[in-house]
>>> print(open('work-v7.cif').read())   # mmCIF, C-alpha atoms (C1' of nucleotides)
data_coords
#
loop_
_atom_site.label_atom_id
_atom_site.label_comp_id
_atom_site.auth_asym_id
_atom_site.auth_seq_id
_atom_site.Cartn_x
_atom_site.Cartn_y
_atom_site.Cartn_z
CA MET I 521 0.00 0.00 0.00
CA ASP I 522 1.31 3.42 -0.94
CA THR I 523 -0.19 6.91 -0.97
CA LYS I 524 -1.37 6.73 -4.55
CA ASN I 525 -3.11 3.46 -3.88
CA ALA I 526 -4.69 4.66 -0.67
CA VAL I 527 -5.99 7.80 -2.36
CA ILE I 528 -7.64 5.75 -5.08
CA ILE I 529 -9.33 3.56 -2.50
CA LEU I 530 -10.42 6.47 -0.33
CA ALA I 531 -11.73 8.39 -3.35
CA SER I 532 -13.72 5.35 -4.34
CA LEU I 533 -15.49 5.56 -0.98
CA ALA I 534 -15.76 9.33 -0.81
CA GLN I 535 -19.04 9.60 -2.65
CA GLY I 536 -22.53 9.02 -1.33
CA ALA I 537 -23.71 6.40 -3.79
CA ARG I 538 -20.46 4.45 -3.66
CA LEU I 539 -20.26 4.50 0.11
CA GLU I 540 -23.78 3.09 0.27
CA ILE I 541 -22.90 0.45 -2.28
CA PHE I 542 -19.85 -0.57 -0.31
CA ARG I 543 -21.80 -0.77 2.92
CA GLN I 544 -24.40 -2.95 1.30
CA LEU I 545 -21.62 -5.24 0.13
CA VAL I 546 -20.04 -5.30 3.58
CA GLN I 547 -23.37 -6.38 4.98
CA ALA I 548 -23.90 -8.92 2.24
CA GLY I 549 -20.61 -10.61 3.06
CA PRO I 550 -18.36 -12.64 0.74
CA SER I 551 -21.14 -13.91 -1.52
CA GLY I 552 -21.96 -10.35 -2.57
CA LEU I 553 -24.84 -8.92 -4.55
CA ALA I 554 -25.74 -8.77 -8.24
CA ALA I 555 -25.54 -5.35 -9.86
CA GLY I 556 -29.27 -5.30 -10.49
CA ASP I 557 -30.05 -6.01 -6.84
CA ILE I 558 -27.90 -3.07 -5.82
CA ALA I 559 -29.61 -0.85 -8.39
CA ILE I 560 -33.00 -1.72 -6.93
CA LYS I 561 -31.95 -1.49 -3.29
CA LEU I 562 -30.40 1.92 -3.75
CA ASN I 563 -32.61 3.16 -6.59
CA ILE I 564 -29.77 4.11 -8.92
CA PRO I 565 -30.00 4.12 -12.75
CA GLY I 566 -28.05 1.32 -14.40
CA SER I 567 -25.51 3.48 -16.15
CA THR I 568 -24.78 5.46 -13.02
CA LEU I 569 -24.43 2.32 -10.93
CA SER I 570 -22.13 0.83 -13.50
CA PHE I 571 -19.94 3.90 -13.38
CA HIS I 572 -19.67 3.67 -9.61
CA LEU I 573 -19.04 -0.06 -9.60
CA LYS I 574 -16.23 0.51 -12.05
CA GLU I 575 -14.68 3.04 -9.69
CA LEU I 576 -14.90 0.62 -6.79
CA THR I 577 -13.49 -2.31 -8.71
CA HIS I 578 -10.74 -0.16 -10.18
CA ALA I 579 -9.79 0.66 -6.60
CA GLU I 580 -9.89 -3.10 -5.97
CA LEU I 581 -12.11 -2.47 -3.00
CA VAL I 582 -14.77 -4.56 -4.69
CA THR I 583 -14.46 -7.65 -6.87
CA ALA I 584 -16.77 -8.88 -9.59
CA LYS I 585 -17.67 -12.41 -10.54
CA GLN I 586 -19.90 -13.32 -13.41
CA THR I 587 -22.44 -16.11 -12.94
CA GLY I 588 -24.70 -16.58 -15.89
CA ARG I 589 -26.30 -13.29 -16.78
CA PHE I 590 -25.59 -11.82 -13.38
CA ILE I 591 -22.46 -10.17 -12.14
CA TYR I 592 -21.97 -10.50 -8.42
CA TYR I 593 -20.03 -7.81 -6.65
CA SER I 594 -18.51 -8.26 -3.23
CA ALA I 595 -16.37 -6.25 -0.83
CA ALA I 596 -12.63 -6.98 -0.81
CA PHE I 597 -12.19 -7.17 2.93
CA ASN I 598 -8.46 -7.73 2.75
CA VAL I 599 -7.94 -4.51 0.78
CA MET I 600 -9.98 -2.61 3.33
CA ASN I 601 -7.88 -4.04 6.11
CA ASP I 602 -4.69 -3.05 4.33
CA LEU I 603 -5.99 0.48 3.98
CA LEU I 604 -6.71 0.72 7.70
CA GLY I 605 -3.20 -0.49 8.41
CA TYR I 606 -1.78 2.18 6.13
CA LEU I 607 -3.79 4.95 7.77
CA THR I 608 -2.63 4.03 11.23
CA GLU I 609 0.98 3.25 10.39
CA ASN I 610 3.45 4.49 12.98
CA CYS I 611 0.65 5.93 15.04
CA CYS I 612 1.95 8.33 17.69
CA GLN I 613 5.52 7.36 16.95
CA LEU I 614 6.78 10.75 18.06
CA GLU I 615 4.98 10.71 21.39
CA LYS I 616 6.71 8.93 24.19
CA SER I 617 3.47 7.69 25.68
CA SER I 618 3.69 7.81 29.42
CA SER I 619 2.43 4.56 30.94
CA GLU I 620 0.44 1.98 29.07
CA ASN I 621 -2.12 4.46 27.83
CA LEU I 622 -2.51 4.33 24.08
CA CYS I 623 -2.31 7.84 22.74
CA CYS I 624 -5.22 7.62 20.35
CA ASP I 625 -8.17 5.94 21.98
CA GLY I 626 -7.44 2.35 21.17
CA LEU I 627 -8.53 1.28 17.73
CA LEU I 628 -5.90 3.14 15.80
CA CYS I 629 -3.05 1.99 17.97
CA ASN I 630 -3.61 -1.73 17.61
CA GLU I 631 -0.22 -2.51 16.20
CA VAL I 632 1.79 -0.17 18.39
CA ALA I 633 2.08 -2.31 21.47
CA SER I 634 5.78 -1.66 22.02
CA MET T 1230 -22.09 9.19 12.01
CA ASP T 1231 -24.20 9.19 8.85
CA THR T 1232 -23.43 8.81 5.16
CA LYS T 1233 -23.06 12.52 4.53
CA ASN T 1234 -20.64 12.85 7.39
CA ALA T 1235 -18.63 9.82 6.38
CA VAL T 1236 -18.35 11.08 2.80
CA ILE T 1237 -16.98 14.41 3.99
CA ILE T 1238 -14.39 12.67 6.11
CA LEU T 1239 -13.41 10.21 3.39
CA ALA T 1240 -13.20 13.00 0.80
CA SER T 1241 -10.94 14.92 3.12
CA LEU T 1242 -8.53 11.98 3.04
CA ALA T 1243 -8.95 11.13 -0.62
CA GLN T 1244 -6.28 13.45 -1.89
CA GLY T 1245 -2.54 12.95 -1.93
CA ALA T 1246 -1.47 16.02 -0.04
CA ARG T 1247 -4.17 15.70 2.58
CA LEU T 1248 -3.52 12.02 3.15
CA GLU T 1249 0.13 12.78 3.74
CA ILE T 1250 -0.77 15.60 6.09
CA PHE T 1251 -3.05 13.33 8.06
CA ARG T 1252 -0.44 10.61 8.30
CA GLN T 1253 2.10 13.08 9.57
CA LEU T 1254 -0.38 14.13 12.21
CA VAL T 1255 -1.12 10.54 13.16
CA GLN T 1256 2.59 10.02 13.65
CA ALA T 1257 2.95 13.24 15.58
CA GLY T 1258 0.28 12.16 18.05
CA PRO T 1259 -1.99 14.37 20.16
CA SER T 1260 0.41 17.32 20.40
CA GLY T 1261 0.29 17.78 16.64
CA LEU T 1262 2.36 19.95 14.31
CA ALA T 1263 2.39 23.63 13.42
CA ALA T 1264 1.19 24.50 9.91
CA GLY T 1265 4.61 25.77 8.95
CA ASP T 1266 6.28 22.54 10.01
CA ILE T 1267 3.91 20.59 7.82
CA ALA T 1268 4.56 22.94 4.90
CA ILE T 1269 8.29 22.34 5.21
CA LYS T 1270 8.04 18.58 5.76
CA LEU T 1271 5.81 18.09 2.74
CA ASN T 1272 7.06 20.95 0.61
CA ILE T 1273 3.66 22.52 -0.01
CA PRO T 1274 3.06 26.26 -0.61
CA GLY T 1275 1.36 28.01 2.31
CA SER T 1276 -1.87 28.84 0.54
CA THR T 1277 -2.25 25.31 -0.76
CA LEU T 1278 -1.54 23.83 2.64
CA SER T 1279 -4.03 26.17 4.23
CA PHE T 1280 -6.69 25.05 1.78
CA HIS T 1281 -6.07 21.41 2.61
CA LEU T 1282 -5.96 22.01 6.35
CA LYS T 1283 -9.30 23.73 6.07
CA GLU T 1284 -10.75 20.70 4.34
CA LEU T 1285 -9.45 18.42 7.05
CA THR T 1286 -10.67 20.58 9.91
CA HIS T 1287 -14.02 21.06 8.23
CA ALA T 1288 -14.30 17.29 8.18
CA GLU T 1289 -13.36 17.41 11.87
CA LEU T 1290 -10.68 14.86 11.22
CA VAL T 1291 -8.13 17.38 12.38
CA THR T 1292 -8.33 20.03 15.06
CA ALA T 1293 -6.50 23.33 15.31
CA LYS T 1294 -5.19 25.09 18.37
CA GLN T 1295 -3.50 28.45 18.32
CA THR T 1296 -0.45 28.99 20.51
CA GLY T 1297 1.15 32.34 20.00
CA ARG T 1298 1.85 32.87 16.35
CA PHE T 1299 1.67 29.17 15.61
CA ILE T 1300 -1.36 27.07 14.90
CA TYR T 1301 -0.95 23.46 15.89
CA TYR T 1302 -2.93 20.87 14.01
CA SER T 1303 -3.55 17.40 15.31
CA ALA T 1304 -5.44 14.30 14.22
CA ALA T 1305 -8.87 13.71 15.76
CA PHE T 1306 -8.42 10.07 16.61
CA ASN T 1307 -11.91 9.65 17.97
CA VAL T 1308 -13.46 10.81 14.69
CA MET T 1309 -11.29 8.37 12.77
CA ASN T 1310 -12.41 5.59 15.06
CA ASP T 1311 -16.05 6.50 14.54
CA LEU T 1312 -15.56 6.40 10.80
CA LEU T 1313 -14.08 2.92 10.97
CA GLY T 1314 -17.05 1.81 13.02
CA TYR T 1315 -19.41 3.19 10.44
CA LEU T 1316 -17.65 1.48 7.56
CA THR T 1317 -17.81 -1.90 9.21
CA GLU T 1318 -21.30 -1.63 10.65
CA ASN T 1319 -23.30 -4.83 10.41
CA CYS T 1320 -20.43 -6.54 8.69
CA CYS T 1321 -21.55 -9.79 7.07
CA GLN T 1322 -24.93 -9.59 8.70
CA LEU T 1323 -26.52 -11.54 5.88
CA GLU T 1324 -24.03 -14.40 6.05
CA LYS T 1325 -24.68 -17.08 8.62
CA SER T 1326 -21.01 -17.66 9.26
CA SER T 1327 -20.41 -21.35 9.80
CA SER T 1328 -18.26 -21.92 12.87
CA GLU T 1329 -16.31 -19.24 14.63
CA ASN T 1330 -14.66 -18.01 11.44
CA LEU T 1331 -15.08 -14.33 10.91
CA CYS T 1332 -16.26 -13.75 7.38
CA CYS T 1333 -13.96 -10.87 6.58
CA ASP T 1334 -10.45 -11.58 7.77
CA GLY T 1335 -10.62 -10.18 11.27
CA LEU T 1336 -10.19 -6.47 11.56
CA LEU T 1337 -13.49 -5.48 10.07
CA CYS T 1338 -15.53 -7.85 12.15
CA ASN T 1339 -14.34 -6.71 15.55
CA GLU T 1340 -17.72 -5.80 16.87
CA VAL T 1341 -19.64 -8.72 15.40
CA ALA T 1342 -18.87 -11.33 18.01
CA SER T 1343 -22.43 -12.62 18.35
"C1'" DT O 148 -32.40 -17.62 -34.51
"C1'" DC O 149 -35.29 -14.59 -31.97
"C1'" DT O 150 -36.45 -12.40 -27.66
"C1'" DA O 151 -35.92 -11.02 -23.00
"C1'" DT O 152 -32.94 -9.77 -19.43
"C1'" DA O 153 -28.56 -8.01 -17.15
"C1'" DT O 154 -25.05 -4.99 -17.51
"C1'" DT O 155 -21.88 -1.85 -19.66
"C1'" DT O 156 -20.12 1.84 -22.80
"C1'" DC O 157 -20.72 6.21 -25.09
"C1'" DC O 158 -21.71 10.86 -24.85
"C1'" DA O 159 -22.71 15.57 -23.47
"C1'" DT O 160 -23.38 18.40 -19.75
"C1'" DA O 161 -23.14 20.15 -15.06
"C1'" DA O 162 -20.76 20.58 -10.85
"C1'" DA O 163 -17.02 20.18 -7.63
"C1'" DT O 164 -12.11 20.36 -6.54
"C1'" DA O 165 -6.98 21.58 -6.69
"C1'" DT O 166 -3.36 24.91 -7.37
"C1'" DA O 167 -0.50 28.76 -6.10
"C1'" DG O 168 0.64 33.88 -6.40
"C1'" DA O 169 -0.56 38.12 -4.28
"C1'" DA O 170 -2.60 40.52 -0.77
"C1'" DA O 171 -4.46 40.67 3.86
"C1'" DC O 172 -4.64 39.39 8.70
"C1'" DG O 173 -3.00 38.38 13.52
"C1'" DT O 174 0.57 37.95 16.90
"C1'" DT O 175 4.93 38.97 18.98
"C1'" DG O 176 9.05 41.55 20.19
"C1'" DT O 177 11.42 46.10 19.91
"C1'" DA S 174 4.10 52.30 16.24
"C1'" DC S 175 6.76 49.36 13.49
"C1'" DA S 176 8.86 45.27 11.49
"C1'" DA S 177 9.05 40.31 11.14
"C1'" DC S 178 6.87 36.14 10.98
"C1'" DG S 179 3.15 32.56 10.56
"C1'" DT S 180 -1.00 31.73 8.51
"C1'" DT S 181 -5.15 32.57 5.91
"C1'" DT S 182 -8.21 34.64 2.30
"C1'" DC S 183 -8.88 36.13 -2.38
"C1'" DT S 184 -8.69 35.20 -7.09
"C1'" DA S 185 -8.27 33.01 -11.50
"C1'" DT S 186 -7.37 28.92 -13.91
"C1'" DA S 187 -6.96 24.08 -14.84
"C1'" DT S 188 -8.52 19.57 -13.88
"C1'" DT S 189 -11.36 15.98 -12.29
"C1'" DT S 190 -15.72 13.88 -11.27
"C1'" DA S 191 -20.85 12.80 -11.42
"C1'" DT S 192 -25.11 12.07 -13.93
"C1'" DG S 193 -28.32 9.56 -16.82
"C1'" DG S 194 -30.43 8.66 -21.53
"C1'" DA S 195 -29.55 6.01 -25.56
"C1'" DA S 196 -27.17 2.55 -27.81
"C1'" DA S 197 -24.26 -1.52 -27.55
"C1'" DT S 198 -22.83 -6.04 -25.59
"C1'" DA S 199 -23.38 -10.54 -23.41
"C1'" DT S 200 -25.93 -14.47 -21.66
"C1'" DA S 201 -29.75 -17.64 -21.51
"C1'" DG S 202 -33.91 -19.91 -22.82
"C1'" DA S 203 -37.62 -21.08 -26.35
#
>>> encode(input="work-v7.cif", output="structure tokens")
Amino acid sequence: MDTKNAVIILASLAQGARLEIFRQLVQAGPSGLAAGDIAIKLNIPGSTLSFHLKELTHAELVTAKQTGRFIYYSAAFNVMNDLLGYLTENCCQLEKSSSENLCCDGLLCNEVAS
Amino acid sequence: MDTKNAVIILASLAQGARLEIFRQLVQAGPSGLAAGDIAIKLNIPGSTLSFHLKELTHAELVTAKQTGRFIYYSAAFNVMNDLLGYLTENCCQLEKSSSENLCCDGLLCNEVAS
DNA sequence: TCTATATTTCCATAAATATAGAAACGTTGT
DNA sequence: ACAACGTTTCTATATTTATGGAAATATAGA
């Protein structure tokens, strides 16, 4: 993961329709949802949905798998996890944290146990 | 946290310069960095930096605190944590996960222990 | 092969965002 | 009051992004 990569992923999420799409896919889990189902659930015109799905898959935050006439989209959980790791890299490195208190409320500091 | 809010935060990170600024602030920890220090570290003109800092503070992902002539910016870790929670809300709800295996590689499923 | 269905690509248009120089604004020390 | 410094606002310009109708493509079943 590098900056360029992270920006592409974040930009793919930084838009109302796409964020909703992604959240639907997170909820749907690994088996995903067909494009048409997403279009109905979120009430988005086909061409617009297709544009957004392309953005998400280009960011590799979502993967597509064709099954018959349907194309199933699902969230790429591993990519999301990598992104979170990148965002929190070297968290609070410059602060000598006094005591065991994590400097940033927990979640972010997962990997900085030293 | 709602979609609108999350989009603003994500958009504030979805840009090379701003992502780098945020990561510097994550590394700097709660005490933060003065605007000028960031400008030097990242080699960004003052006006451009100011524009980006405004975006980040508007998203409330970064907070500003004036001390004398300097303005110190620091990462709002709690807001970042809220965002992560929002992104992973109801993760894999629709999948009856067989066994104890988390459906999405760990990190994302933190809160879905049931 | 013909038809229906699922999805994407093409296209034009509208809107939002990034950039950086110059000028302005606060704060501090003299 | 003045000068120096840190930072922001103003401004214009260039670039990127979103939207959705219409046409094209792909798959499946009769």
>>> residues_near_point(input="work-v7.cif", point="(-2.3, 32.0, 1.6)", cutoff="8 Å", atoms="all atoms listed in the file", output="VMD selection string")
(chain T and resid 1275 to 1277 1279) or (chain S and resid 180 to 182)
>>> interface_residues(input="work-v7.cif", of="chain S", to="chain I", cutoff="10 Å", atoms="all atoms listed in the file", output="short mmCIF file (atom, residue, chain, number, x, y, z; two decimals) with C-alpha atoms (C1' of nucleotides), keeping the file's coordinate frame")
data_model
loop_
_atom_site.label_atom_id
_atom_site.label_comp_id
_atom_site.auth_asym_id
_atom_site.auth_seq_id
_atom_site.Cartn_x
_atom_site.Cartn_y
_atom_site.Cartn_z
"C1'" DA S 191 -20.85 12.80 -11.42
"C1'" DT S 192 -25.11 12.07 -13.93
"C1'" DG S 193 -28.32 9.56 -16.82
"C1'" DG S 194 -30.43 8.66 -21.53
"C1'" DA S 199 -23.38 -10.54 -23.41
"C1'" DT S 200 -25.93 -14.47 -21.66
"C1'" DA S 201 -29.75 -17.64 -21.51
#
>>> closest_residue(input="work-v7.cif", among="T:Val1255, T:Ala1288, T:Ala1243, T:Ile1250", to="chain O", atoms="all atoms listed in the file")
T:Ala1243
>>> resolve_selection(input="work-v7.cif", expression="the PyMOL selection byres ((chain O and resi 160-164) around 8)", output="PyMOL selection string")
(chain O and resi 159+165) or (chain S and resi 189-191)
>>> calpha_fit_and_write(input="work-v7.cif", fixed="chain T", moving="chain I", output="CSV table (one decimal) with C-alpha atoms, keeping the file's coordinate frame")
chain,number,residue,atom,x,y,z
I,521,MET,CA,-22.1,9.2,12.0
I,522,ASP,CA,-24.2,9.2,8.9
I,523,THR,CA,-23.4,8.8,5.2
I,524,LYS,CA,-23.0,12.5,4.5
I,525,ASN,CA,-20.6,12.9,7.4
I,526,ALA,CA,-18.6,9.8,6.4
I,527,VAL,CA,-18.3,11.1,2.8
I,528,ILE,CA,-17.0,14.4,4.0
I,529,ILE,CA,-14.4,12.7,6.1
I,530,LEU,CA,-13.4,10.2,3.4
I,531,ALA,CA,-13.2,13.0,0.8
I,532,SER,CA,-10.9,14.9,3.1
I,533,LEU,CA,-8.5,12.0,3.0
I,534,ALA,CA,-8.9,11.1,-0.6
I,535,GLN,CA,-6.2,13.4,-1.9
I,536,GLY,CA,-2.5,12.9,-1.9
I,537,ALA,CA,-1.4,16.0,0.0
I,538,ARG,CA,-4.1,15.7,2.6
I,539,LEU,CA,-3.5,12.0,3.1
I,540,GLU,CA,0.2,12.8,3.7
I,541,ILE,CA,-0.8,15.6,6.1
I,542,PHE,CA,-3.0,13.3,8.1
I,543,ARG,CA,-0.4,10.6,8.3
I,544,GLN,CA,2.1,13.1,9.6
I,545,LEU,CA,-0.4,14.1,12.2
I,546,VAL,CA,-1.1,10.5,13.2
I,547,GLN,CA,2.6,10.0,13.7
I,548,ALA,CA,3.0,13.3,15.6
I,549,GLY,CA,0.3,12.2,18.1
I,550,PRO,CA,-2.0,14.4,20.2
I,551,SER,CA,0.4,17.3,20.4
I,552,GLY,CA,0.3,17.8,16.7
I,553,LEU,CA,2.4,20.0,14.3
I,554,ALA,CA,2.4,23.7,13.4
I,555,ALA,CA,1.2,24.5,9.9
I,556,GLY,CA,4.6,25.8,8.9
I,557,ASP,CA,6.3,22.6,10.0
I,558,ILE,CA,3.9,20.6,7.8
I,559,ALA,CA,4.5,23.0,4.9
I,560,ILE,CA,8.3,22.4,5.2
I,561,LYS,CA,8.0,18.6,5.8
I,562,LEU,CA,5.8,18.1,2.8
I,563,ASN,CA,7.1,21.0,0.6
I,564,ILE,CA,3.7,22.5,0.0
I,565,PRO,CA,3.0,26.3,-0.6
I,566,GLY,CA,1.3,28.0,2.3
I,567,SER,CA,-1.9,28.8,0.5
I,568,THR,CA,-2.3,25.3,-0.8
I,569,LEU,CA,-1.6,23.8,2.6
I,570,SER,CA,-4.1,26.2,4.2
I,571,PHE,CA,-6.7,25.1,1.7
I,572,HIS,CA,-6.1,21.4,2.6
I,573,LEU,CA,-6.0,22.0,6.3
I,574,LYS,CA,-9.3,23.7,6.0
I,575,GLU,CA,-10.8,20.7,4.3
I,576,LEU,CA,-9.4,18.4,7.0
I,577,THR,CA,-10.7,20.6,9.9
I,578,HIS,CA,-14.0,21.1,8.2
I,579,ALA,CA,-14.3,17.3,8.2
I,580,GLU,CA,-13.4,17.4,11.9
I,581,LEU,CA,-10.7,14.8,11.2
I,582,VAL,CA,-8.1,17.4,12.4
I,583,THR,CA,-8.3,20.0,15.1
I,584,ALA,CA,-6.5,23.3,15.3
I,585,LYS,CA,-5.2,25.1,18.4
I,586,GLN,CA,-3.5,28.4,18.3
I,587,THR,CA,-0.5,29.0,20.5
I,588,GLY,CA,1.1,32.4,20.0
I,589,ARG,CA,1.8,32.9,16.4
I,590,PHE,CA,1.6,29.2,15.6
I,591,ILE,CA,-1.4,27.1,14.9
I,592,TYR,CA,-1.0,23.5,15.9
I,593,TYR,CA,-2.9,20.9,14.0
I,594,SER,CA,-3.5,17.4,15.3
I,595,ALA,CA,-5.4,14.3,14.2
I,596,ALA,CA,-8.9,13.7,15.8
I,597,PHE,CA,-8.4,10.1,16.6
I,598,ASN,CA,-11.9,9.7,18.0
I,599,VAL,CA,-13.4,10.8,14.7
I,600,MET,CA,-11.3,8.4,12.8
I,601,ASN,CA,-12.4,5.6,15.1
I,602,ASP,CA,-16.0,6.5,14.5
I,603,LEU,CA,-15.5,6.4,10.8
I,604,LEU,CA,-14.1,2.9,11.0
I,605,GLY,CA,-17.0,1.8,13.0
I,606,TYR,CA,-19.4,3.2,10.4
I,607,LEU,CA,-17.6,1.5,7.6
I,608,THR,CA,-17.8,-1.9,9.2
I,609,GLU,CA,-21.3,-1.6,10.7
I,610,ASN,CA,-23.3,-4.8,10.4
I,611,CYS,CA,-20.4,-6.5,8.7
I,612,CYS,CA,-21.5,-9.8,7.1
I,613,GLN,CA,-24.9,-9.6,8.7
I,614,LEU,CA,-26.5,-11.5,5.9
I,615,GLU,CA,-24.1,-14.4,6.1
I,616,LYS,CA,-24.8,-17.1,8.6
I,617,SER,CA,-21.1,-17.7,9.3
I,618,SER,CA,-20.5,-21.3,9.8
I,619,SER,CA,-18.3,-21.9,12.9
I,620,GLU,CA,-16.4,-19.2,14.6
I,621,ASN,CA,-14.7,-18.1,11.5
I,622,LEU,CA,-15.1,-14.3,10.9
I,623,CYS,CA,-16.3,-13.8,7.4
I,624,CYS,CA,-14.0,-10.9,6.6
I,625,ASP,CA,-10.5,-11.6,7.8
I,626,GLY,CA,-10.7,-10.2,11.3
I,627,LEU,CA,-10.2,-6.5,11.6
I,628,LEU,CA,-13.5,-5.5,10.1
I,629,CYS,CA,-15.5,-7.9,12.1
I,630,ASN,CA,-14.4,-6.7,15.5
I,631,GLU,CA,-17.8,-5.9,16.8
I,632,VAL,CA,-19.6,-8.8,15.4
I,633,ALA,CA,-18.8,-11.4,18.0
I,634,SER,CA,-22.4,-12.7,18.2
>>> resolve_selection(input="work-v7.cif", expression="the PyMOL selection byres ((chain O) within 8 of (chain I))", output="VMD selection string")
chain O and resid 152 to 155
>>> interface_residues(input="work-v7.cif", of="chain I", to="chain T", cutoff="6 Å", atoms="only C-alpha atoms", output="CSV table (one decimal) with C-alpha atoms, keeping the file's coordinate frame")
chain,number,residue,atom,x,y,z
I,527,VAL,CA,-6.0,7.8,-2.4
I,530,LEU,CA,-10.4,6.5,-0.3
I,531,ALA,CA,-11.7,8.4,-3.4
I,534,ALA,CA,-15.8,9.3,-0.8
I,535,GLN,CA,-19.0,9.6,-2.6
I,546,VAL,CA,-20.0,-5.3,3.6
I,547,GLN,CA,-23.4,-6.4,5.0
I,548,ALA,CA,-23.9,-8.9,2.2
I,549,GLY,CA,-20.6,-10.6,3.1
I,597,PHE,CA,-12.2,-7.2,2.9
I,610,ASN,CA,3.4,4.5,13.0
I,611,CYS,CA,0.6,5.9,15.0
I,612,CYS,CA,2.0,8.3,17.7
I,613,GLN,CA,5.5,7.4,17.0
I,614,LEU,CA,6.8,10.8,18.1
I,615,GLU,CA,5.0,10.7,21.4
I,624,CYS,CA,-5.2,7.6,20.4
>>> atom_distance(input="work-v7.cif", atom1="atom C1' of O:DT156", atom2="atom C1' of S:DA197")
7.1 Å
>>> atom_distance(input="work-v7.cif", atom1="atom CA of I:Met521", atom2="atom CA of I:His578")
14.8 Å
>>> resolve_selection(input="work-v7.cif", expression="the PyMOL selection byres ((chain S and resi 174) around 12)", output="PyMOL selection string")
(chain O and resi 177) or (chain S and resi 175-176)
>>> atom_distance(input="work-v7.cif", atom1="atom CA of I:Thr577", atom2="atom CA of I:Tyr592")
11.8 Å
>>> build_atoms(input="work-v7.cif", residues="stretch 549-564 of chain I", atoms="N, CA and C atoms", output="PDB file, in the coordinates of the input")
ATOM      1  N   GLY I 549     -21.656  -9.617   2.829  1.00  0.00           N
ATOM      2  CA  GLY I 549     -20.610 -10.610   3.060  1.00  0.00           C
ATOM      3  C   GLY I 549     -20.010 -11.123   1.763  1.00  0.00           C
ATOM      4  N   PRO I 550     -19.144 -12.142   1.878  1.00  0.00           N
ATOM      5  CA  PRO I 550     -18.360 -12.640   0.740  1.00  0.00           C
ATOM      6  C   PRO I 550     -19.169 -13.031  -0.489  1.00  0.00           C
ATOM      7  N   SER I 551     -20.405 -13.468  -0.334  1.00  0.00           N
ATOM      8  CA  SER I 551     -21.140 -13.910  -1.520  1.00  0.00           C
ATOM      9  C   SER I 551     -21.604 -12.734  -2.376  1.00  0.00           C
ATOM     10  N   GLY I 552     -21.695 -11.556  -1.782  1.00  0.00           N
ATOM     11  CA  GLY I 552     -21.960 -10.350  -2.570  1.00  0.00           C
ATOM     12  C   GLY I 552     -23.377 -10.177  -3.060  1.00  0.00           C
ATOM     13  N   LEU I 553     -23.539  -9.241  -3.979  1.00  0.00           N
ATOM     14  CA  LEU I 553     -24.840  -8.920  -4.550  1.00  0.00           C
ATOM     15  C   LEU I 553     -24.697  -8.702  -6.053  1.00  0.00           C
ATOM     16  N   ALA I 554     -25.748  -9.042  -6.805  1.00  0.00           N
ATOM     17  CA  ALA I 554     -25.740  -8.770  -8.240  1.00  0.00           C
ATOM     18  C   ALA I 554     -25.975  -7.274  -8.462  1.00  0.00           C
ATOM     19  N   ALA I 555     -25.424  -6.765  -9.553  1.00  0.00           N
ATOM     20  CA  ALA I 555     -25.540  -5.350  -9.860  1.00  0.00           C
ATOM     21  C   ALA I 555     -26.996  -4.896  -9.827  1.00  0.00           C
ATOM     22  N   GLY I 556     -27.864  -5.666 -10.429  1.00  0.00           N
ATOM     23  CA  GLY I 556     -29.270  -5.300 -10.490  1.00  0.00           C
ATOM     24  C   GLY I 556     -29.908  -5.172  -9.107  1.00  0.00           C
ATOM     25  N   ASP I 557     -29.518  -6.066  -8.202  1.00  0.00           N
ATOM     26  CA  ASP I 557     -30.050  -6.010  -6.840  1.00  0.00           C
ATOM     27  C   ASP I 557     -29.626  -4.712  -6.160  1.00  0.00           C
ATOM     28  N   ILE I 558     -28.391  -4.316  -6.408  1.00  0.00           N
ATOM     29  CA  ILE I 558     -27.900  -3.070  -5.820  1.00  0.00           C
ATOM     30  C   ILE I 558     -28.682  -1.896  -6.396  1.00  0.00           C
ATOM     31  N   ALA I 559     -28.885  -1.930  -7.715  1.00  0.00           N
ATOM     32  CA  ALA I 559     -29.610  -0.850  -8.390  1.00  0.00           C
ATOM     33  C   ALA I 559     -30.999  -0.675  -7.776  1.00  0.00           C
ATOM     34  N   ILE I 560     -31.651  -1.785  -7.500  1.00  0.00           N
ATOM     35  CA  ILE I 560     -33.000  -1.720  -6.930  1.00  0.00           C
ATOM     36  C   ILE I 560     -32.945  -1.236  -5.479  1.00  0.00           C
ATOM     37  N   LYS I 561     -32.065  -1.862  -4.705  1.00  0.00           N
ATOM     38  CA  LYS I 561     -31.950  -1.490  -3.290  1.00  0.00           C
ATOM     39  C   LYS I 561     -31.683  -0.015  -3.116  1.00  0.00           C
ATOM     40  N   LEU I 562     -30.812   0.532  -3.944  1.00  0.00           N
ATOM     41  CA  LEU I 562     -30.400   1.920  -3.750  1.00  0.00           C
ATOM     42  C   LEU I 562     -31.080   2.875  -4.732  1.00  0.00           C
ATOM     43  N   ASN I 563     -31.881   2.332  -5.631  1.00  0.00           N
ATOM     44  CA  ASN I 563     -32.610   3.160  -6.590  1.00  0.00           C
ATOM     45  C   ASN I 563     -31.666   4.063  -7.409  1.00  0.00           C
ATOM     46  N   ILE I 564     -30.751   3.414  -8.095  1.00  0.00           N
ATOM     47  CA  ILE I 564     -29.770   4.110  -8.920  1.00  0.00           C
ATOM     48  C   ILE I 564     -29.916   3.626 -10.363  1.00  0.00           C
TER      49      ILE I 564
END
